[in-house]
file final28.pdb (PDB, C-alpha atoms)
ATOM      1  CA  MET A 161      46.987 -44.570  34.356
ATOM      2  CA  THR A 162      47.133 -41.776  36.935
ATOM      3  CA  ASP A 163      49.549 -43.798  39.120
ATOM      4  CA  HIS A 164      52.249 -43.122  36.573
ATOM      5  CA  ASP A 165      51.501 -39.518  35.587
ATOM      6  CA  ASP A 166      54.492 -38.060  37.438
ATOM      7  CA  LEU A 167      56.842 -40.600  35.902
ATOM      8  CA  ARG A 168      55.325 -40.061  32.463
ATOM      9  CA  ALA A 169      55.913 -36.305  32.679
ATOM     10  CA  LEU A 170      59.517 -36.877  33.709
ATOM     11  CA  LEU A 171      60.133 -39.377  30.912
ATOM     12  CA  HIS A 172      58.679 -36.984  28.341
ATOM     13  CA  LEU A 173      61.414 -34.491  29.227
ATOM     14  CA  ALA A 174      64.103 -36.907  28.127
ATOM     15  CA  LEU A 175      62.246 -39.181  25.714
ATOM     16  CA  PRO A 176      59.448 -37.378  23.861
ATOM     17  CA  PRO A 177      56.960 -39.465  21.827
ATOM     18  CA  VAL A 178      58.167 -40.201  18.295
ATOM     19  CA  GLN A 179      56.385 -38.801  15.257
ATOM     20  CA  ASP A 180      54.705 -41.389  13.067
ATOM     21  CA  ARG A 181      56.259 -41.389   9.604
ATOM     22  CA  PRO A 182      57.018 -43.756   6.740
ATOM     23  CA  PRO A 183      60.483 -45.249   6.154
ATOM     24  CA  ASN A 184      63.014 -42.907   4.502
ATOM     25  CA  ARG A 185      63.438 -45.229   1.503
ATOM     26  CA  ASP A 186      61.758 -48.090  -0.301
ATOM     27  CA  LEU A 187      62.611 -51.160   1.768
ATOM     28  CA  TRP A 188      60.918 -53.760  -0.442
ATOM     29  CA  PRO A 189      64.204 -54.638  -2.232
ATOM     30  CA  ALA A 190      65.772 -55.169   1.206
ATOM     31  CA  VAL A 191      62.916 -57.526   2.157
ATOM     32  CA  LEU A 192      63.580 -59.557  -0.997
ATOM     33  CA  THR A 193      67.282 -59.940  -0.246
ATOM     34  CA  HIS A 194      66.982 -60.219   3.531
ATOM     35  CA  ARG A 195      68.760 -63.108   5.166
ATOM     36  CA  PRO A 196      68.539 -63.320   8.940
ATOM     37  CA  PRO A 197      71.798 -63.876  10.811
ATOM     38  CA  SER A 198      72.430 -67.577  11.277
ATOM     39  CA  PRO A 199      71.786 -68.482  14.903
ATOM     40  CA  ASP A 200      74.781 -69.306  17.047
ATOM     41  CA  TRP A 201      75.141 -72.957  18.010
ATOM     42  CA  SER A 202      74.153 -73.408  21.628
ATOM     43  CA  TRP A 203      75.873 -75.856  23.975
ATOM     44  CA  LEU A 204      72.772 -78.026  23.650
ATOM     45  CA  ASP A 205      73.130 -78.159  19.846
ATOM     46  CA  LEU A 206      76.825 -78.974  20.105
ATOM     47  CA  GLY A 207      76.132 -81.637  22.741
ATOM     48  CA  ALA A 208      73.441 -83.267  20.588
ATOM     49  CA  ALA A 209      75.716 -83.235  17.516
ATOM     50  CA  ALA A 210      78.576 -84.771  19.514
ATOM     51  CA  ALA A 211      76.267 -87.428  20.991
ATOM     52  CA  ILE A 212      75.012 -88.397  17.525
ATOM     53  CA  ALA A 213      78.569 -88.558  16.159
ATOM     54  CA  ILE A 214      79.700 -90.804  19.053
ATOM     55  CA  LEU A 215      76.615 -93.001  18.730
ATOM     56  CA  LEU A 216      77.167 -93.453  15.002
ATOM     57  CA  SER A 217      80.839 -94.288  15.457
ATOM     58  CA  LEU A 218      80.005 -96.933  18.083
ATOM     59  CA  PHE A 219      76.882 -98.297  16.393
ATOM     60  CA  PRO A 220      77.057 -97.589  12.636
ATOM     61  CA  GLY A 221      73.848 -99.569  12.153
ATOM     62  CA  CYS A 222      71.954 -96.725  13.861
ATOM     63  CA  PHE A 223      72.578 -94.562  10.785
ATOM     64  CA  TRP A 224      69.578 -96.028   8.969
ATOM     65  CA  LEU A 225      67.372 -95.590  12.022
ATOM     66  CA  LEU A 226      68.463 -91.937  12.278
ATOM     67  CA  LEU A 227      67.919 -91.422   8.552
ATOM     68  CA  TYR A 228      64.432 -92.900   8.864
ATOM     69  CA  HIS A 229      63.540 -90.384  11.597
ATOM     70  CA  LEU A 230      64.877 -87.451   9.582
TER
ATOM     71  CA  MET B 241      41.341 -53.056  11.259
ATOM     72  CA  ALA B 242      39.834 -50.884   8.483
ATOM     73  CA  ASN B 243      42.966 -51.267   6.397
ATOM     74  CA  ASP B 244      42.680 -55.048   6.244
ATOM     75  CA  PRO B 245      42.873 -56.538   2.751
ATOM     76  CA  ASP B 246      40.316 -58.891   1.235
ATOM     77  CA  GLN B 247      40.414 -62.596   1.958
ATOM     78  CA  ALA B 248      41.451 -63.564  -1.571
ATOM     79  CA  MET B 249      44.646 -61.543  -1.259
ATOM     80  CA  LEU B 250      45.364 -63.066   2.145
ATOM     81  CA  GLU B 251      44.880 -66.554   0.728
ATOM     82  CA  ARG B 252      47.333 -65.719  -2.049
ATOM     83  CA  PHE B 253      49.780 -64.450   0.582
ATOM     84  CA  VAL B 254      49.528 -67.730   2.493
ATOM     85  CA  GLU B 255      50.226 -69.599  -0.760
ATOM     86  CA  GLY B 256      53.325 -67.437  -1.265
ATOM     87  CA  ASP B 257      52.156 -65.483  -4.325
ATOM     88  CA  PRO B 258      54.900 -62.825  -4.744
ATOM     89  CA  LEU B 259      52.455 -60.160  -5.967
ATOM     90  CA  ALA B 260      50.230 -60.608  -2.911
ATOM     91  CA  VAL B 261      53.260 -60.532  -0.613
ATOM     92  CA  GLU B 262      54.454 -57.249  -2.125
ATOM     93  CA  ALA B 263      50.938 -55.763  -2.113
ATOM     94  CA  LEU B 264      50.592 -56.525   1.595
ATOM     95  CA  TYR B 265      54.020 -55.088   2.299
ATOM     96  CA  ARG B 266      53.107 -51.854   0.476
ATOM     97  CA  ARG B 267      49.828 -51.617   2.335
ATOM     98  CA  PHE B 268      51.240 -52.185   5.822
ATOM     99  CA  GLU B 269      54.785 -50.826   5.703
ATOM    100  CA  ARG B 270      53.924 -47.389   7.072
ATOM    101  CA  GLU B 271      51.796 -48.693   9.922
ATOM    102  CA  ALA B 272      54.352 -51.347  10.880
ATOM    103  CA  HIS B 273      57.249 -48.894  10.594
ATOM    104  CA  GLY B 274      55.475 -46.382  12.846
ATOM    105  CA  TRP B 275      54.868 -49.051  15.474
ATOM    106  CA  ILE B 276      58.442 -50.344  15.378
ATOM    107  CA  LEU B 277      59.848 -46.809  15.501
ATOM    108  CA  ARG B 278      57.862 -46.181  18.681
ATOM    109  CA  ILE B 279      59.561 -49.179  20.307
ATOM    110  CA  VAL B 280      63.141 -48.917  19.053
ATOM    111  CA  ARG B 281      63.234 -45.072  18.788
ATOM    112  CA  ASP B 282      65.902 -45.105  16.084
ATOM    113  CA  SER B 283      65.206 -44.608  12.352
ATOM    114  CA  ALA B 284      67.907 -46.897  10.975
ATOM    115  CA  ALA B 285      67.073 -49.645  13.468
ATOM    116  CA  ALA B 286      63.356 -49.295  12.729
ATOM    117  CA  GLU B 287      64.023 -49.885   9.031
ATOM    118  CA  ASP B 288      66.104 -52.993   9.755
ATOM    119  CA  VAL B 289      63.448 -54.346  12.110
ATOM    120  CA  LEU B 290      60.700 -53.634   9.558
ATOM    121  CA  VAL B 291      62.536 -55.662   6.915
ATOM    122  CA  ASP B 292      63.145 -58.471   9.409
ATOM    123  CA  SER B 293      59.495 -58.385  10.534
ATOM    124  CA  PHE B 294      58.115 -58.713   7.055
ATOM    125  CA  TRP B 295      60.564 -61.483   6.289
ATOM    126  CA  ARG B 296      59.445 -63.293   9.452
ATOM    127  CA  ALA B 297      55.807 -62.797   8.416
ATOM    128  CA  TYR B 298      56.572 -64.307   5.012
ATOM    129  CA  ARG B 299      58.292 -67.298   6.648
ATOM    130  CA  ALA B 300      55.332 -67.790   9.008
ATOM    131  CA  ARG B 301      52.641 -67.253   6.357
ATOM    132  CA  ALA B 302      51.414 -70.870   6.523
ATOM    133  CA  ARG B 303      50.377 -70.279  10.148
ATOM    134  CA  PHE B 304      48.349 -67.158   9.334
ATOM    135  CA  VAL B 305      44.576 -67.634   9.606
ATOM    136  CA  VAL B 306      43.047 -65.672   6.720
ATOM    137  CA  THR B 307      39.906 -64.818   8.663
ATOM    138  CA  ARG B 308      41.971 -62.927  11.267
ATOM    139  CA  PRO B 309      43.148 -59.313  10.836
ATOM    140  CA  PHE B 310      46.480 -59.212   9.007
ATOM    141  CA  GLY B 311      47.534 -55.889  10.549
ATOM    142  CA  ALA B 312      47.255 -57.195  14.111
ATOM    143  CA  TRP B 313      49.168 -60.382  13.182
ATOM    144  CA  LEU B 314      51.952 -58.390  11.535
ATOM    145  CA  ARG B 315      52.098 -56.043  14.526
ATOM    146  CA  ARG B 316      52.676 -58.990  16.885
ATOM    147  CA  ILE B 317      55.511 -60.211  14.678
ATOM    148  CA  ALA B 318      56.963 -56.685  14.474
ATOM    149  CA  THR B 319      56.789 -56.315  18.261
ATOM    150  CA  ARG B 320      58.705 -59.572  18.758
ATOM    151  CA  ALA B 321      61.300 -58.480  16.193
ATOM    152  CA  ALA B 322      61.654 -55.100  17.929
ATOM    153  CA  LEU B 323      62.074 -56.841  21.296
ATOM    154  CA  ASP B 324      64.790 -59.063  19.821
ATOM    155  CA  HIS B 325      66.499 -55.930  18.513
ATOM    156  CA  LEU B 326      66.415 -54.265  21.951
ATOM    157  CA  ARG B 327      67.864 -57.405  23.521
ATOM    158  CA  SER B 328      70.700 -57.580  20.994
ATOM    159  CA  VAL B 329      71.489 -53.882  21.536
ATOM    160  CA  ARG B 330      71.584 -54.542  25.275
ATOM    161  CA  ARG B 331      73.896 -57.547  24.865
ATOM    162  CA  ARG B 332      76.263 -55.556  22.631
ATOM    163  CA  ALA B 333      76.313 -52.628  25.066
ATOM    164  CA  GLU B 334      77.047 -54.955  27.993
ATOM    165  CA  ARG B 335      79.888 -56.611  26.101
ATOM    166  CA  HIS B 336      81.496 -53.275  25.255
ATOM    167  CA  LEU B 337      80.838 -51.191  28.347
ATOM    168  CA  GLY B 338      80.090 -53.539  31.236
ATOM    169  CA  ASP B 339      78.083 -51.662  33.833
ATOM    170  CA  VAL B 340      80.079 -48.457  33.516
ATOM    171  CA  ASP B 341      78.026 -45.472  32.317
ATOM    172  CA  PRO B 342      79.685 -42.790  30.210
ATOM    173  CA  PRO B 343      80.253 -39.500  32.069
ATOM    174  CA  ALA B 344      77.154 -37.335  32.434
ATOM    175  CA  PRO B 345      77.043 -33.901  30.731
ATOM    176  CA  ALA B 346      77.881 -30.912  32.944
ATOM    177  CA  ASP B 347      74.749 -28.819  32.202
ATOM    178  CA  GLY B 348      72.021 -29.399  34.859
ATOM    179  CA  ASP B 349      68.935 -29.980  32.673
ATOM    180  CA  LEU B 350      70.899 -31.871  30.087
ATOM    181  CA  ALA B 351      72.463 -34.020  32.799
ATOM    182  CA  ALA B 352      69.024 -34.823  34.244
ATOM    183  CA  ARG B 353      67.616 -35.743  30.832
ATOM    184  CA  ASP B 354      70.651 -37.881  30.139
ATOM    185  CA  ALA B 355      70.281 -39.642  33.495
ATOM    186  CA  ILE B 356      66.580 -40.329  32.820
ATOM    187  CA  ALA B 357      67.307 -41.713  29.343
ATOM    188  CA  ARG B 358      70.077 -43.926  30.726
ATOM    189  CA  ALA B 359      67.907 -45.211  33.563
ATOM    190  CA  PHE B 360      65.258 -46.048  30.985
ATOM    191  CA  SER B 361      67.733 -47.877  28.776
ATOM    192  CA  ARG B 362      68.782 -50.023  31.754
ATOM    193  CA  LEU B 363      65.308 -51.541  32.040
ATOM    194  CA  PRO B 364      65.065 -55.149  30.821
ATOM    195  CA  ALA B 365      63.810 -55.158  27.207
ATOM    196  CA  LYS B 366      60.518 -56.799  28.194
ATOM    197  CA  LEU B 367      59.747 -54.027  30.690
ATOM    198  CA  GLN B 368      61.199 -51.293  28.488
ATOM    199  CA  VAL B 369      58.785 -52.090  25.653
ATOM    200  CA  VAL B 370      55.773 -51.828  27.932
ATOM    201  CA  ALA B 371      57.045 -48.627  29.566
ATOM    202  CA  THR B 372      57.795 -47.075  26.164
ATOM    203  CA  LEU B 373      54.370 -47.846  24.753
ATOM    204  CA  ALA B 374      52.375 -47.033  27.901
ATOM    205  CA  LEU B 375      54.260 -44.089  29.413
ATOM    206  CA  ILE B 376      56.020 -42.396  26.496
ATOM    207  CA  GLU B 377      53.734 -43.212  23.584
ATOM    208  CA  GLU B 378      50.602 -43.375  25.769
ATOM    209  CA  ARG B 379      49.098 -46.329  23.936
ATOM    210  CA  PRO B 380      46.097 -48.078  25.548
ATOM    211  CA  TYR B 381      46.795 -51.212  27.606
ATOM    212  CA  GLY B 382      44.587 -53.287  25.312
ATOM    213  CA  GLU B 383      46.614 -52.327  22.247
ATOM    214  CA  ILE B 384      49.898 -53.112  24.015
ATOM    215  CA  ALA B 385      48.566 -56.452  25.256
ATOM    216  CA  GLU B 386      47.473 -57.431  21.758
ATOM    217  CA  ALA B 387      50.820 -56.481  20.237
ATOM    218  CA  LEU B 388      52.735 -58.452  22.862
ATOM    219  CA  ASP B 389      50.221 -61.307  22.747
ATOM    220  CA  VAL B 390      49.805 -61.257  26.538
ATOM    221  CA  PRO B 391      46.828 -60.539  28.836
ATOM    222  CA  ILE B 392      46.174 -56.935  29.927
ATOM    223  CA  GLY B 393      47.021 -57.973  33.509
ATOM    224  CA  THR B 394      50.533 -58.877  32.358
ATOM    225  CA  VAL B 395      50.944 -55.448  30.751
ATOM    226  CA  LYS B 396      49.883 -53.782  34.004
ATOM    227  CA  SER B 397      52.219 -55.876  36.125
ATOM    228  CA  ARG B 398      55.163 -55.262  33.780
ATOM    229  CA  LEU B 399      54.396 -51.547  33.842
ATOM    230  CA  SER B 400      54.360 -51.559  37.647
ATOM    231  CA  ARG B 401      57.710 -53.360  37.728
ATOM    232  CA  ALA B 402      59.194 -50.980  35.161
ATOM    233  CA  SER B 403      57.886 -47.997  37.094
ATOM    234  CA  ALA B 404      59.295 -49.265  40.404
ATOM    235  CA  ARG B 405      62.709 -49.936  38.876
ATOM    236  CA  LEU B 406      62.809 -46.533  37.220
ATOM    237  CA  ARG B 407      61.815 -44.720  40.407
ATOM    238  CA  GLU B 408      64.468 -46.583  42.358
ATOM    239  CA  ASP B 409      67.159 -45.931  39.747
ATOM    240  CA  LEU B 410      66.249 -42.245  39.432
ATOM    241  CA  SER B 411      66.048 -41.666  43.171
ATOM    242  CA  ARG B 412      69.561 -43.130  43.550
ATOM    243  CA  GLN B 413      70.655 -40.336  41.205
ATOM    244  CA  GLY B 414      68.756 -37.691  43.164
ATOM    245  CA  ILE B 415      65.955 -37.344  40.574
ATOM    246  CA  ARG B 416      62.423 -37.541  41.960
ATOM    247  CA  PRO B 417      59.400 -37.799  39.663
TER
END
call {"tool": "encode", "arguments": {"input": "final28.pdb", "output": "structure tokens"}}
result
Amino acid sequence: MTDHDDLRALLHLALPPVQDRPPNRDLWPAVLTHRPPSPDWSWLDLGAAAAIAILLSLFPGCFWLLLYHL
Amino acid sequence: MANDPDQAMLERFVEGDPLAVEALYRRFEREAHGWILRIVRDSAAAEDVLVDSFWRAYRARARFVVTRPFGAWLRRIATRAALDHLRSVRRRAERHLGDVDPPAPADGDLAARDAIARAFSRLPAKLQVVATLALIEERPYGEIAEALDVPIGTVKSRLSRASARLREDLSRQGIRP
């Protein structure tokens, strides 16, 4: 890794290596109650939902086919 | 990994046994926290990412192969969670600040350190992780490759790209490594 030695020395001036240490508190209760943020709907999701809604309004019979595939 | 638990406990983890899940958390929390802290470099963020990582591991437990090392598997999940954190920090910063940097401190050394840290934070998250682990934390390429689940060649190429970007950014500010 000698190609980067100069850069490494410079980076260490501003960003020294961190000291390994345990968390400051017991995080197990937080793991138990953790809920990830719900993902934002992408344009693709919205487009697919709109397409399904339009399809079902035009061809209500497709509902059973859709239900079968779910 | 010497710390790896016995297969029976791992099988219970895969089945979702709460006692096995907690036992594995207790056994690996320090190691995972240390790794995440190296990447995100912020105590509060490291704790959040640790919680998220273990939750992700629990959700993905059915895909874990009990004959493989648990520590390495958890580290890959933690690395992905840390990368996601860096990306979300970047997105938030871009929304609030655009490309405008805050004013640099007047003191010479302090200003240089600040400029270096800012140049580093401008690296794309994918390159920043590799540069952090290889250049700042001085971790071996093999360990970084395993954590990122990429070949060693990819680590080397990302490090070269990160290095080139940093040199260019720093030289624009009159700082030469």
call {"tool": "resolve_selection", "arguments": {"input": "final28.pdb", "expression": "the PyMOL selection byres ((chain A) within 10 of (chain B))", "output": "NGL selection string"}}
result
:A and (161 or 163-196)
call {"tool": "closest_residue", "arguments": {"input": "final28.pdb", "among": "B:Ala387, B:Val289, B:Ala402, B:Ala333", "to": "Gly311 (chain B)", "atoms": "only C-alpha atoms"}}
result
B:Ala387
call {"tool": "atom_distance", "arguments": {"input": "final28.pdb", "atom1": "CA of Ser328 (chain B)", "atom2": "CA of Ile384 (chain B)"}}
result
21.5 Å
call {"tool": "axis_aligned_box", "arguments": {"input": "final28.pdb", "around": "region 273-281 of chain B", "padding_each_side": "6 Å", "output": "lines of an AutoDock Vina configuration file"}}
result
center_x = 59.1
center_y = -47.7
center_z = 15.5
size_x = 20.4
size_y = 17.3
size_z = 21.7
call {"tool": "residues_near_point", "arguments": {"input": "final28.pdb", "point": "(42.1, -62.3, 1.9)", "cutoff": "10 Å", "atoms": "only C-alpha atoms", "output": "PDB file with C-alpha atoms, in the coordinates of the input"}}
result
ATOM      1  CA  ASP B 244      42.680 -55.048   6.244  1.00  0.00           C
ATOM      2  CA  PRO B 245      42.873 -56.538   2.751  1.00  0.00           C
ATOM      3  CA  ASP B 246      40.316 -58.891   1.235  1.00  0.00           C
ATOM      4  CA  GLN B 247      40.414 -62.596   1.958  1.00  0.00           C
ATOM      5  CA  ALA B 248      41.451 -63.564  -1.571  1.00  0.00           C
ATOM      6  CA  MET B 249      44.646 -61.543  -1.259  1.00  0.00           C
ATOM      7  CA  LEU B 250      45.364 -63.066   2.145  1.00  0.00           C
ATOM      8  CA  GLU B 251      44.880 -66.554   0.728  1.00  0.00           C
ATOM      9  CA  ARG B 252      47.333 -65.719  -2.049  1.00  0.00           C
ATOM     10  CA  PHE B 253      49.780 -64.450   0.582  1.00  0.00           C
ATOM     11  CA  VAL B 254      49.528 -67.730   2.493  1.00  0.00           C
ATOM     12  CA  ALA B 260      50.230 -60.608  -2.911  1.00  0.00           C
ATOM     13  CA  VAL B 305      44.576 -67.634   9.606  1.00  0.00           C
ATOM     14  CA  VAL B 306      43.047 -65.672   6.720  1.00  0.00           C
ATOM     15  CA  THR B 307      39.906 -64.818   8.663  1.00  0.00           C
ATOM     16  CA  ARG B 308      41.971 -62.927  11.267  1.00  0.00           C
ATOM     17  CA  PRO B 309      43.148 -59.313  10.836  1.00  0.00           C
ATOM     18  CA  PHE B 310      46.480 -59.212   9.007  1.00  0.00           C
TER      19      PHE B 310
END
call {"tool": "atom_distance", "arguments": {"input": "final28.pdb", "atom1": "CA of Leu367 (chain B)", "atom2": "CA of Ser202 (chain A)"}}
result
25.8 Å
call {"tool": "atom_distance", "arguments": {"input": "final28.pdb", "atom1": "CA of Leu259 (chain B)", "atom2": "CA of Trp313 (chain B)"}}
result
19.4 Å
call {"tool": "resolve_selection", "arguments": {"input": "final28.pdb", "expression": "the PyMOL selection byres ((chain B and resi 385) around 12)", "output": "list in words"}}
result
Ala312, Arg315, Arg316, Thr319, Val369, Val370, Leu373, Ala374, Arg379, Pro380, Tyr381, Gly382, Glu383, Ile384, Glu386, Ala387, Leu388, Asp389, Val390, Pro391, Ile392, Gly393, Thr394, Val395, Lys396, Ser397, Arg398 and Leu399 of chain B
call {"tool": "closest_residue", "arguments": {"input": "final28.pdb", "among": "B:Leu410, B:Ala302, B:Ala297, B:Ala263", "to": "Arg320 (chain B)", "atoms": "only C-alpha atoms"}}
result
B:Ala297
call {"tool": "decode", "arguments": {"input": "final28.pdb", "residues": "chain A", "atoms": "C-alpha atoms", "output": "tab-separated table (two decimals), in the first residue's frame"}}
result
chain	number	residue	atom	x	y	z
A	161	MET	CA	0.00	0.00	0.00
A	162	THR	CA	3.03	2.27	-0.41
A	163	ASP	CA	1.34	4.15	-3.30
A	164	HIS	CA	-0.94	5.76	-0.76
A	165	ASP	CA	1.44	6.38	2.14
A	166	ASP	CA	1.62	10.15	1.61
A	167	LEU	CA	-2.16	10.42	1.41
A	168	ARG	CA	-2.57	8.19	4.45
A	169	ALA	CA	-0.27	10.40	6.52
A	170	LEU	CA	-2.20	13.49	5.47
A	171	LEU	CA	-5.56	11.90	6.25
A	172	HIS	CA	-4.35	10.84	9.70
A	173	LEU	CA	-3.80	14.51	10.55
A	174	ALA	CA	-7.47	15.27	10.08
A	175	LEU	CA	-9.10	11.88	10.61
A	176	PRO	CA	-7.18	9.71	13.09
A	177	PRO	CA	-8.15	6.01	13.41
A	178	VAL	CA	-11.01	5.43	15.85
A	179	GLN	CA	-10.51	3.49	19.07
A	180	ASP	CA	-12.34	0.19	19.25
A	181	ARG	CA	-14.87	0.24	22.08
A	182	PRO	CA	-18.26	-1.19	23.00
A	183	PRO	CA	-21.50	0.80	22.70
A	184	ASN	CA	-22.14	3.33	25.49
A	185	ARG	CA	-25.37	1.59	26.54
A	186	ASP	CA	-27.21	-1.70	26.24
A	187	LEU	CA	-28.77	-1.61	22.78
A	188	TRP	CA	-30.62	-4.93	22.97
A	189	PRO	CA	-33.92	-3.25	23.99
A	190	ALA	CA	-33.53	-0.97	20.95
A	191	VAL	CA	-33.05	-4.02	18.70
A	192	LEU	CA	-36.30	-5.49	20.05
A	193	THR	CA	-38.29	-2.34	19.34
A	194	HIS	CA	-36.51	-1.36	16.12
A	195	ARG	CA	-38.69	-0.58	13.15
A	196	PRO	CA	-36.91	0.48	9.98
A	197	PRO	CA	-38.23	3.59	8.25
A	198	SER	CA	-40.86	2.65	5.69
A	199	PRO	CA	-39.39	3.01	2.22
A	200	ASP	CA	-40.61	5.88	0.10
A	201	TRP	CA	-42.82	4.91	-2.83
A	202	SER	CA	-40.84	5.19	-6.04
A	203	TRP	CA	-42.35	6.36	-9.33
A	204	LEU	CA	-42.22	2.74	-10.45
A	205	ASP	CA	-44.32	1.62	-7.46
A	206	LEU	CA	-46.83	4.40	-8.03
A	207	GLY	CA	-46.98	3.59	-11.76
A	208	ALA	CA	-47.58	-0.11	-11.07
A	209	ALA	CA	-50.31	0.69	-8.51
A	210	ALA	CA	-52.01	3.08	-10.94
A	211	ALA	CA	-51.79	0.54	-13.78
A	212	ILE	CA	-53.39	-2.16	-11.60
A	213	ALA	CA	-56.15	0.22	-10.49
A	214	ILE	CA	-56.93	1.19	-14.12
A	215	LEU	CA	-56.82	-2.43	-15.26
A	216	LEU	CA	-59.21	-3.50	-12.51
A	217	SER	CA	-61.63	-0.68	-13.26
A	218	LEU	CA	-61.70	-1.60	-16.97
A	219	PHE	CA	-61.66	-5.37	-16.51
A	220	PRO	CA	-63.07	-6.25	-13.06
A	221	GLY	CA	-62.82	-9.94	-13.95
A	222	CYS	CA	-59.02	-9.65	-13.69
A	223	PHE	CA	-59.37	-9.27	-9.91
A	224	TRP	CA	-59.53	-13.04	-9.42
A	225	LEU	CA	-56.54	-13.58	-11.68
A	226	LEU	CA	-54.57	-10.98	-9.68
A	227	LEU	CA	-55.69	-12.53	-6.40
A	228	TYR	CA	-54.57	-15.94	-7.63
A	229	HIS	CA	-51.07	-14.60	-8.37
A	230	LEU	CA	-50.80	-12.93	-4.96
